[in-house]
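Note: the block below is work_5.tsv and it holds TSV, C-alpha atoms and all ligand atoms.
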```tsv
chain	number	residue	atom	x	y	z
A	1	VAL	CA	24.46	11.29	3.57
A	2	ASN	CA	23.79	10.43	7.21
A	3	GLU	CA	21.04	13.05	7.24
A	4	ILE	CA	18.07	11.13	8.63
A	5	ALA	CA	17.22	10.86	12.33
A	6	TYR	CA	14.68	8.80	14.22
A	7	VAL	CA	12.89	11.23	16.55
A	8	ASN	CA	10.05	10.08	18.79
A	9	GLY	CA	8.44	7.63	16.41
A	10	GLN	CA	9.34	9.18	13.07
A	11	PHE	CA	12.17	9.27	10.61
A	12	VAL	CA	12.84	12.89	9.71
A	13	ALA	CA	15.47	14.87	7.85
A	14	LYS	CA	18.00	16.10	10.44
A	15	ALA	CA	17.48	19.60	9.08
A	16	ASP	CA	13.81	19.40	10.06
A	17	ALA	CA	14.28	17.48	13.33
A	18	GLN	CA	13.26	19.42	16.42
A	19	VAL	CA	14.06	19.16	20.09
A	20	ASN	CA	11.66	20.84	22.48
A	21	ILE	CA	13.46	23.57	24.46
A	22	GLU	CA	11.97	22.06	27.61
A	23	ASP	CA	13.38	18.61	26.94
A	24	ARG	CA	15.09	17.53	30.16
A	25	GLY	CA	17.98	16.13	28.15
A	26	TYR	CA	18.62	19.60	26.82
A	27	GLN	CA	18.10	21.38	30.16
A	28	PHE	CA	19.62	18.96	32.69
A	29	GLY	CA	21.52	16.32	30.72
A	30	ASP	CA	18.78	14.10	32.10
A	31	GLY	CA	19.06	10.98	29.99
A	32	ALA	CA	21.16	8.02	28.89
A	33	TYR	CA	22.68	6.90	25.59
A	34	GLU	CA	24.41	4.12	23.71
A	35	VAL	CA	26.77	3.98	20.75
A	36	CYS	CA	26.75	0.72	18.75
A	37	THR	CA	28.85	-0.48	15.85
A	38	ILE	CA	27.28	-1.08	12.45
A	39	ALA	CA	29.36	-3.67	10.62
A	40	ASN	CA	28.32	-4.39	7.04
A	41	GLY	CA	24.84	-3.13	7.85
A	42	GLN	CA	24.55	-5.35	10.97
A	43	LEU	CA	24.48	-4.33	14.62
A	44	LEU	CA	27.46	-5.57	16.62
A	45	ASP	CA	26.80	-6.80	20.17
A	46	ALA	CA	23.26	-5.40	20.07
A	47	GLN	CA	22.07	-7.30	23.11
A	48	PRO	CA	24.66	-6.09	25.62
A	49	HIS	CA	24.17	-2.51	24.38
A	50	VAL	CA	20.38	-2.68	24.80
A	51	LYS	CA	20.81	-4.32	28.22
A	52	ARG	CA	23.20	-1.57	29.29
A	53	LEU	CA	20.75	1.10	28.11
A	54	GLU	CA	18.04	-0.61	30.13
A	55	ARG	CA	20.29	-0.59	33.17
A	56	SER	CA	21.31	3.08	32.79
A	57	LEU	CA	17.65	4.09	32.47
A	58	ARG	CA	16.63	1.94	35.43
A	59	GLU	CA	19.31	3.57	37.61
A	60	LEU	CA	18.04	7.00	36.49
A	61	ARG	CA	14.42	5.92	37.03
A	62	ILE	CA	13.52	6.64	33.40
A	63	ALA	CA	11.13	4.16	31.78
A	64	MET	CA	12.70	2.00	29.07
A	65	PRO	CA	10.85	2.95	25.86
A	66	ASP	CA	8.56	0.18	24.65
A	67	LEU	CA	10.27	-0.04	21.26
A	68	ASN	CA	12.28	-2.54	19.26
A	69	ILE	CA	15.51	-0.57	19.71
A	70	GLU	CA	17.56	-3.05	17.67
A	71	GLN	CA	15.21	-2.80	14.70
A	72	LEU	CA	15.08	1.01	14.91
A	73	CYS	CA	18.88	1.20	15.00
A	74	LEU	CA	19.12	-0.97	11.89
A	75	GLU	CA	16.48	1.12	10.14
A	76	THR	CA	18.26	4.35	11.06
A	77	ALA	CA	21.51	2.96	9.65
A	78	GLN	CA	19.73	1.87	6.47
A	79	GLN	CA	17.98	5.21	6.02
A	80	ASN	CA	21.41	6.84	6.16
A	81	HIS	CA	23.08	4.23	3.94
A	82	VAL	CA	25.50	3.38	6.74
A	83	GLU	CA	27.18	0.04	6.03
A	84	TRP	CA	30.12	0.57	8.39
A	85	GLY	CA	29.79	3.07	11.20
A	86	ILE	CA	27.86	3.70	14.36
A	87	VAL	CA	24.37	4.35	15.62
A	88	TYR	CA	23.73	6.76	18.48
A	89	ILE	CA	20.68	6.18	20.69
A	90	GLN	CA	19.61	8.77	23.22
A	91	VAL	CA	16.74	8.55	25.68
A	92	SER	CA	15.93	11.60	27.80
A	93	ARG	CA	13.34	11.85	30.56
A	94	GLY	CA	11.14	13.88	28.23
A	95	VAL	CA	9.57	17.31	28.00
A	96	ALA	CA	8.23	19.21	31.00
A	97	PRO	CA	8.36	22.76	32.41
A	98	ARG	CA	11.81	23.19	33.98
A	99	ASN	CA	11.82	21.84	37.51
A	100	HIS	CA	14.54	19.67	39.07
A	101	ALA	CA	12.09	17.10	40.42
A	102	PHE	CA	10.83	14.47	37.97
A	103	PRO	CA	7.74	15.30	35.93
A	104	ASP	CA	4.51	13.35	36.16
A	105	LYS	CA	4.68	9.69	35.07
A	106	SER	CA	2.56	10.55	32.01
A	107	VAL	CA	5.57	12.38	30.50
A	108	LEU	CA	7.11	9.99	27.97
A	109	PRO	CA	10.88	9.66	27.47
A	110	ALA	CA	12.16	11.30	24.28
A	111	VAL	CA	14.03	8.97	21.91
A	112	VAL	CA	16.50	10.05	19.25
A	113	ILE	CA	18.55	7.73	17.03
A	114	THR	CA	21.15	8.87	14.51
A	115	SER	CA	23.74	7.03	12.46
A	116	ARG	CA	26.92	7.94	10.67
A	117	SER	CA	29.55	6.20	8.59
A	118	MET	CA	33.04	5.53	9.88
A	119	SER	CA	36.17	4.29	8.15
A	120	TYR	CA	37.16	1.12	10.01
A	121	PRO	CA	40.40	0.69	8.03
A	122	ASP	CA	41.46	4.11	9.37
A	123	VAL	CA	40.42	3.18	12.94
A	124	PHE	CA	42.34	-0.12	12.78
A	125	ALA	CA	45.42	1.56	11.25
A	126	ARG	CA	45.49	4.25	13.93
A	127	GLY	CA	44.95	1.57	16.58
A	128	GLU	CA	48.02	-0.39	15.46
A	129	LYS	CA	50.19	2.69	15.13
A	130	GLY	CA	49.25	4.01	18.56
A	131	VAL	CA	48.20	7.37	19.95
A	132	ALA	CA	49.30	9.80	22.65
A	133	VAL	CA	47.26	10.30	25.81
A	134	ILE	CA	47.44	12.78	28.68
A	135	SER	CA	46.37	12.36	32.27
A	136	THR	CA	43.81	14.64	33.88
A	137	PRO	CA	42.29	14.80	37.37
A	138	GLU	CA	39.15	12.71	37.83
A	139	ILE	CA	36.45	15.30	38.40
A	140	ARG	CA	33.43	13.21	37.44
A	141	TRP	CA	30.58	12.07	39.66
A	142	ARG	CA	30.49	8.74	41.47
A	143	ARG	CA	28.09	7.03	39.04
A	144	CYS	CA	30.28	6.65	35.96
A	145	ASP	CA	28.72	3.19	35.56
A	146	ILE	CA	25.66	4.96	34.14
A	147	LYS	CA	25.99	5.95	30.48
A	148	SER	CA	24.58	9.40	31.14
A	149	ILE	CA	24.35	12.05	28.42
A	150	ALA	CA	25.72	14.58	30.97
A	151	LEU	CA	29.35	14.55	29.82
A	152	LEU	CA	30.87	17.94	30.72
A	153	PRO	CA	33.97	16.55	32.48
A	154	ASN	CA	34.46	14.10	29.61
A	155	ILE	CA	34.31	16.72	26.86
A	156	MET	CA	36.55	19.10	28.85
A	157	ALA	CA	39.10	16.29	29.27
A	158	LYS	CA	38.96	15.30	25.59
A	159	GLN	CA	39.51	18.89	24.51
A	160	GLU	CA	42.41	19.24	26.96
A	161	ALA	CA	44.00	16.29	25.17
A	162	ARG	CA	43.31	17.65	21.70
A	163	ASP	CA	44.73	21.07	22.70
A	164	VAL	CA	48.14	19.46	23.23
A	165	GLY	CA	47.91	17.19	20.20
A	166	ALA	CA	46.97	14.07	22.19
A	167	PHE	CA	44.14	11.74	21.24
A	168	GLU	CA	42.63	10.91	24.63
A	169	ALA	CA	42.73	11.89	28.30
A	170	TRP	CA	42.90	9.30	31.09
A	171	PHE	CA	41.28	10.27	34.37
A	172	VAL	CA	43.45	9.86	37.49
A	173	ASN	CA	41.55	9.81	40.79
A	174	GLU	CA	42.61	11.31	44.15
A	175	ASP	CA	44.36	8.07	45.13
A	176	GLY	CA	46.53	8.26	42.01
A	177	PHE	CA	44.75	5.50	40.08
A	178	VAL	CA	43.67	5.64	36.45
A	179	THR	CA	39.95	4.98	36.15
A	180	GLU	CA	39.30	5.21	32.39
A	181	GLY	CA	39.51	7.58	29.44
A	182	SER	CA	37.10	10.40	28.60
A	183	SER	CA	35.28	8.07	26.19
A	184	THR	CA	37.28	4.84	26.38
A	185	ASN	CA	38.37	2.15	28.86
A	186	ALA	CA	42.06	2.12	29.83
A	187	TRP	CA	44.42	-0.88	29.92
A	188	ILE	CA	48.09	-1.66	30.50
A	189	ILE	CA	50.24	-4.76	30.01
A	190	ARG	CA	52.88	-5.51	32.59
A	191	ASP	CA	55.06	-8.62	32.23
A	192	ASP	CA	52.56	-11.33	31.25
A	193	THR	CA	49.47	-9.66	32.64
A	194	VAL	CA	46.86	-7.42	31.06
A	195	ILE	CA	45.45	-5.01	33.64
A	196	THR	CA	42.27	-2.91	33.63
A	197	HIS	CA	40.05	-1.28	36.24
A	198	PRO	CA	37.45	-3.61	37.79
A	199	VAL	CA	33.76	-2.96	37.24
A	200	THR	CA	32.70	-0.44	39.90
A	201	ASN	CA	30.76	2.83	39.88
A	202	ALA	CA	34.05	4.54	38.89
A	203	ILE	CA	33.98	3.35	35.26
A	204	LEU	CA	31.63	2.53	32.43
A	205	ASN	CA	31.65	-1.22	31.86
A	206	GLY	CA	32.48	-0.97	28.17
A	207	ILE	CA	31.00	-3.51	25.78
A	208	THR	CA	34.32	-3.51	23.90
A	209	ARG	CA	36.03	-4.10	27.28
A	210	GLN	CA	33.81	-7.13	27.88
A	211	VAL	CA	34.54	-8.54	24.42
A	212	VAL	CA	38.29	-7.99	24.86
A	213	ILE	CA	38.23	-9.78	28.24
A	214	ARG	CA	36.75	-12.83	26.49
A	215	LEU	CA	39.34	-12.59	23.70
A	216	LEU	CA	42.19	-12.47	26.24
A	217	GLU	CA	40.97	-15.71	27.77
A	218	LYS	CA	40.91	-17.36	24.34
A	219	GLU	CA	44.45	-16.12	23.66
A	220	GLY	CA	45.63	-17.50	26.99
A	221	LEU	CA	46.66	-14.04	28.21
A	222	GLN	CA	46.51	-13.38	31.95
A	223	LEU	CA	44.03	-10.76	33.11
A	224	LYS	CA	44.08	-8.84	36.35
A	225	LEU	CA	41.16	-6.56	37.23
A	226	ARG	CA	42.66	-3.85	39.41
A	227	PRO	CA	43.27	-0.11	39.23
A	228	PHE	CA	46.76	0.95	38.09
A	229	THR	CA	48.73	4.15	38.72
A	230	LEU	CA	50.12	6.72	36.32
A	231	ASP	CA	53.65	5.52	37.16
A	232	GLU	CA	52.63	2.00	36.20
A	233	VAL	CA	51.44	3.30	32.84
A	234	LYS	CA	54.80	4.99	32.24
A	235	GLN	CA	56.66	1.80	33.14
A	236	ALA	CA	54.28	-0.59	31.38
A	237	ASP	CA	55.24	-2.95	28.56
A	238	GLY	CA	52.24	-1.66	26.68
A	239	ALA	CA	49.04	0.33	27.05
A	240	PHE	CA	45.83	0.56	25.07
A	241	MET	CA	42.27	1.81	25.11
A	242	THR	CA	39.00	0.29	24.00
A	243	SER	CA	35.61	1.60	22.90
A	244	THR	CA	32.99	1.13	20.22
A	245	THR	CA	34.53	3.94	18.17
A	246	VAL	CA	38.29	3.34	18.69
A	247	CYS	CA	38.06	-0.50	18.90
A	248	VAL	CA	41.46	-1.55	20.33
A	249	THR	CA	43.86	1.40	20.06
A	250	ALA	CA	47.46	1.25	21.29
A	251	VAL	CA	48.75	4.03	23.55
A	252	THR	CA	52.40	4.90	22.91
A	253	SER	CA	52.87	7.82	25.32
A	254	ILE	CA	51.29	9.48	28.32
A	255	ASP	CA	51.96	13.10	29.29
A	256	GLY	CA	54.76	13.11	26.72
A	257	VAL	CA	56.54	10.10	28.26
A	258	ASP	CA	57.03	7.18	25.86
A	259	ILE	CA	55.61	3.83	26.95
A	260	ALA	CA	57.94	0.90	26.13
A	261	ASP	CA	60.06	3.33	24.06
A	262	GLY	CA	57.00	4.12	21.98
A	263	LYS	CA	56.87	0.64	20.45
A	264	VAL	CA	53.50	-1.14	20.31
A	265	ASP	CA	53.61	-4.48	22.15
A	266	ASP	CA	52.93	-7.52	19.93
A	267	ARG	CA	50.22	-8.69	22.31
A	268	ILE	CA	48.30	-5.46	21.74
A	269	LEU	CA	48.51	-6.06	18.00
A	270	THR	CA	47.14	-9.57	18.58
A	271	ILE	CA	44.27	-8.30	20.73
A	272	ALA	CA	43.52	-5.62	18.13
A	273	ALA	CA	43.53	-8.23	15.35
A	274	ARG	CA	41.18	-10.51	17.29
A	275	TYR	CA	38.82	-7.62	17.96
A	276	LYS	CA	38.89	-6.72	14.28
A	277	GLU	CA	37.81	-10.31	13.55
A	278	HIS	CA	35.02	-9.88	16.09
A	279	VAL	CA	33.78	-6.78	14.23
A	280	HIS	CA	33.87	-8.69	10.95
A	281	SER	CA	32.10	-11.67	12.52
A	282	ALA	CA	28.95	-9.55	12.88
A	283	ALA	CA	29.16	-8.71	9.20
A	284	GLY	CA	28.57	-12.37	8.32
B	1	LIG	N1	31.94	5.99	24.68
B	1	LIG	N2	34.11	4.77	29.09
B	1	LIG	C1	33.43	5.88	28.73
B	1	LIG	C2	33.42	7.03	29.65
B	1	LIG	C3	32.77	5.91	27.50
B	1	LIG	O1	32.09	7.01	27.13
B	1	LIG	C4	32.84	4.78	26.63
B	1	LIG	C5	32.13	4.76	25.30
B	1	LIG	C6	33.57	3.66	27.05
B	1	LIG	C7	33.66	2.41	26.20
B	1	LIG	O2	32.42	1.74	26.12
B	1	LIG	P1	32.03	0.82	24.87
B	1	LIG	O3	33.14	-0.15	24.71
B	1	LIG	O4	30.77	0.17	25.28
B	1	LIG	O5	31.89	1.72	23.67
B	1	LIG	C8	34.18	3.68	28.29
B	1	LIG	C9	31.15	6.08	23.49
B	1	LIG	C10	31.72	5.34	22.34
B	1	LIG	C11	30.88	7.54	23.20
B	1	LIG	O6	30.61	8.25	24.17
B	1	LIG	O7	30.90	7.96	22.04
```

In structure tokens, what does this structure look like?
Ligand code: PDD
Amino acid sequence: VNEIAYVNGQFVAKADAQVNIEDRGYQFGDGAYEVCTIANGQLLDAQPHVKRLERSLRELRIAMPDLNIEQLCLETAQQNHVEWGIVYIQVSRGVAPRNHAFPDKSVLPAVVITSRSMSYPDVFARGEKGVAVISTPEIRWRRCDIKSIALLPNIMAKQEARDVGAFEAWFVNEDGFVTEGSSTNAWIIRDDTVITHPVTNAILNGITRQVVIRLLEKEGLQLKLRPFTLDEVKQADGAFMTSTTVCVTAVTSIDGVDIADGKVDDRILTIAARYKEHVHSAAG
């Protein structure tokens, strides 16, 4: 299962799929990607994901492939019999002899799409129960708004978390503010207000984040877009993270310090439930 990949115009068995050793994605991390939810065989929030890919590529001055990305994602999911899961889309600048400067315009971007199944009941259950996070110094570049495939600081941070039995790492910048997680957006609730970092070059504007912002409005919950400190997390009434793969997941401790005595705030459970409905809404 989940063994077929779309590679530059063809569906191939992953075992036979090849990446050129001079692909700039492989050599420089020179490319962008997206991860989208497949809910009951349907793509969730396809349009914002495709738009964000377009934007990332534009910022990197990589041509957007002239392909029906949505259709190819669905086909990749189908080929792999993925009813519930994710699709991964990667576009690199293409293949050229190694040289930092861009290759000639005739070099076409390389496109890879894969898909794998995920257990949403498990994701939702973990989200309601809550997870532990750690903090880690923000060592990333100043263009975290681009969904670049170059993710060394992110994978180092995630592993740092896993090494101490935590689920995620939240980056804290030099001014003491939390930006986001290694692969998730970060949120706290304080009194009646839900707080998350505003859209700047310091974070990825998560699609899940955007959906949750709309859901908050519908629920009549106050939203404040501002950075928050590590101390604020420790003193918060609740904390959570969002992404395509974790949906809405409660955070019950940071750096070993319980948040709200380790109890998940009811409002987080409400937001998580509404997001779950959103996922099911795509399924028809
Ligand atoms: N990560 N911030 C970062 C750094 C991310 O890598 C992601 C997503 C998010 C949340 O974005 P969205 O809600 O659009 O998934 C925020 C994906 C899932 C990944 O790298 O696997």

Pick from A:Val91, A:Ala132, A:Val257, A:Ala101 nearest to Leu53 of chain A, counting only C-alpha atoms: A:Val91

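Of the listed residues (A:Val35, A:Ala77, A:Leu225, A:Ile134), A:Val35 comes nearest to ligand LIG 1 (chain B); the distances count all atoms listed in the file.
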
Residues within 10 Å of (39.2, -6.5, 25.2), file coords, all atoms listed in the file, listed as an NGL selection string: :A and (185 or 187 or 194 or 196 or 206-217 or 240-243 or 247-248 or 268 or 271-272 or 274-275)

Env. residues ligand LIG 1 (chain B) / 10 Å / only C-alpha atoms and all ligand atoms / as a count of residues only: 52

Ile254 of chain A environment, 8 Å, only C-alpha atoms, sequence neighbours closer than 4 positions dropped, as a PyMOL selection string: chain A and resi 132-135+233-234+258-259

Exercise: Glu160 of chain A partners within 8 Å, all atoms listed in the file, chain neighbours under 4 positions left out, as a VMD selection string: chain A and resid 156 164 169

Close residues, Ile113 of chain A itself excluded, 8 Å, all atoms listed in the file, min 4 positions apart in chain, as a PyMOL selection string: chain A and resi 5-7+72-73+76+87-90

Output file for the selection above: C-alpha atoms, as a PDB file, in the frame of the given file:
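Okay, result24.pdb is ready:
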```
ATOM      1  CA  ALA A   5      17.220  10.860  12.330  1.00  0.00           C
ATOM      2  CA  TYR A   6      14.680   8.800  14.220  1.00  0.00           C
ATOM      3  CA  VAL A   7      12.890  11.230  16.550  1.00  0.00           C
ATOM      4  CA  LEU A  72      15.080   1.010  14.910  1.00  0.00           C
ATOM      5  CA  CYS A  73      18.880   1.200  15.000  1.00  0.00           C
ATOM      6  CA  THR A  76      18.260   4.350  11.060  1.00  0.00           C
ATOM      7  CA  VAL A  87      24.370   4.350  15.620  1.00  0.00           C
ATOM      8  CA  TYR A  88      23.730   6.760  18.480  1.00  0.00           C
ATOM      9  CA  ILE A  89      20.680   6.180  20.690  1.00  0.00           C
ATOM     10  CA  GLN A  90      19.610   8.770  23.220  1.00  0.00           C
TER      11      GLN A  90
END
```

Which residue of A:Leu221, A:Ala161, A:Leu152, A:Leu230 approaches Glu174 of chain A most closely, using all atoms listed in the file: A:Leu230

Shell around His81 of chain A at 10 Å using all atoms listed in the file, local window under 3 positions removed, as a list in words: Val1, Asn2, Glu3, Ile4, Gly41, Glu75, Thr76, Ala77, Gln78, Trp84, Gly85, Ser115, Arg116 and Ser117 of chain A

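The spacing separating atom CA of Thr229 of chain A from atom CA of Glu128 of chain A amounts to 23.7 Å.
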
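Minimum distance to Leu269 of chain A across A:Gly25, A:Gly238, A:Pro109, A:Gly220 (counting all atoms listed in the file) occurs at A:Gly238.
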
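Minimum atom-to-atom distance to Glu219 of chain A, evaluated using all atoms listed in the file, belongs to A:Arg267 out of A:Arg267, A:Arg24, A:Lys276, A:Arg190.
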
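Residue nearest Ser119 of chain A, chosen from A:Ile188, A:Val12, A:Ala39, A:Val95 and counting only C-alpha atoms: A:Ala39.
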
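Coordinates place atom CA of Asp265 of chain A at a distance of 28.3 Å from atom CA of Ile38 of chain A.
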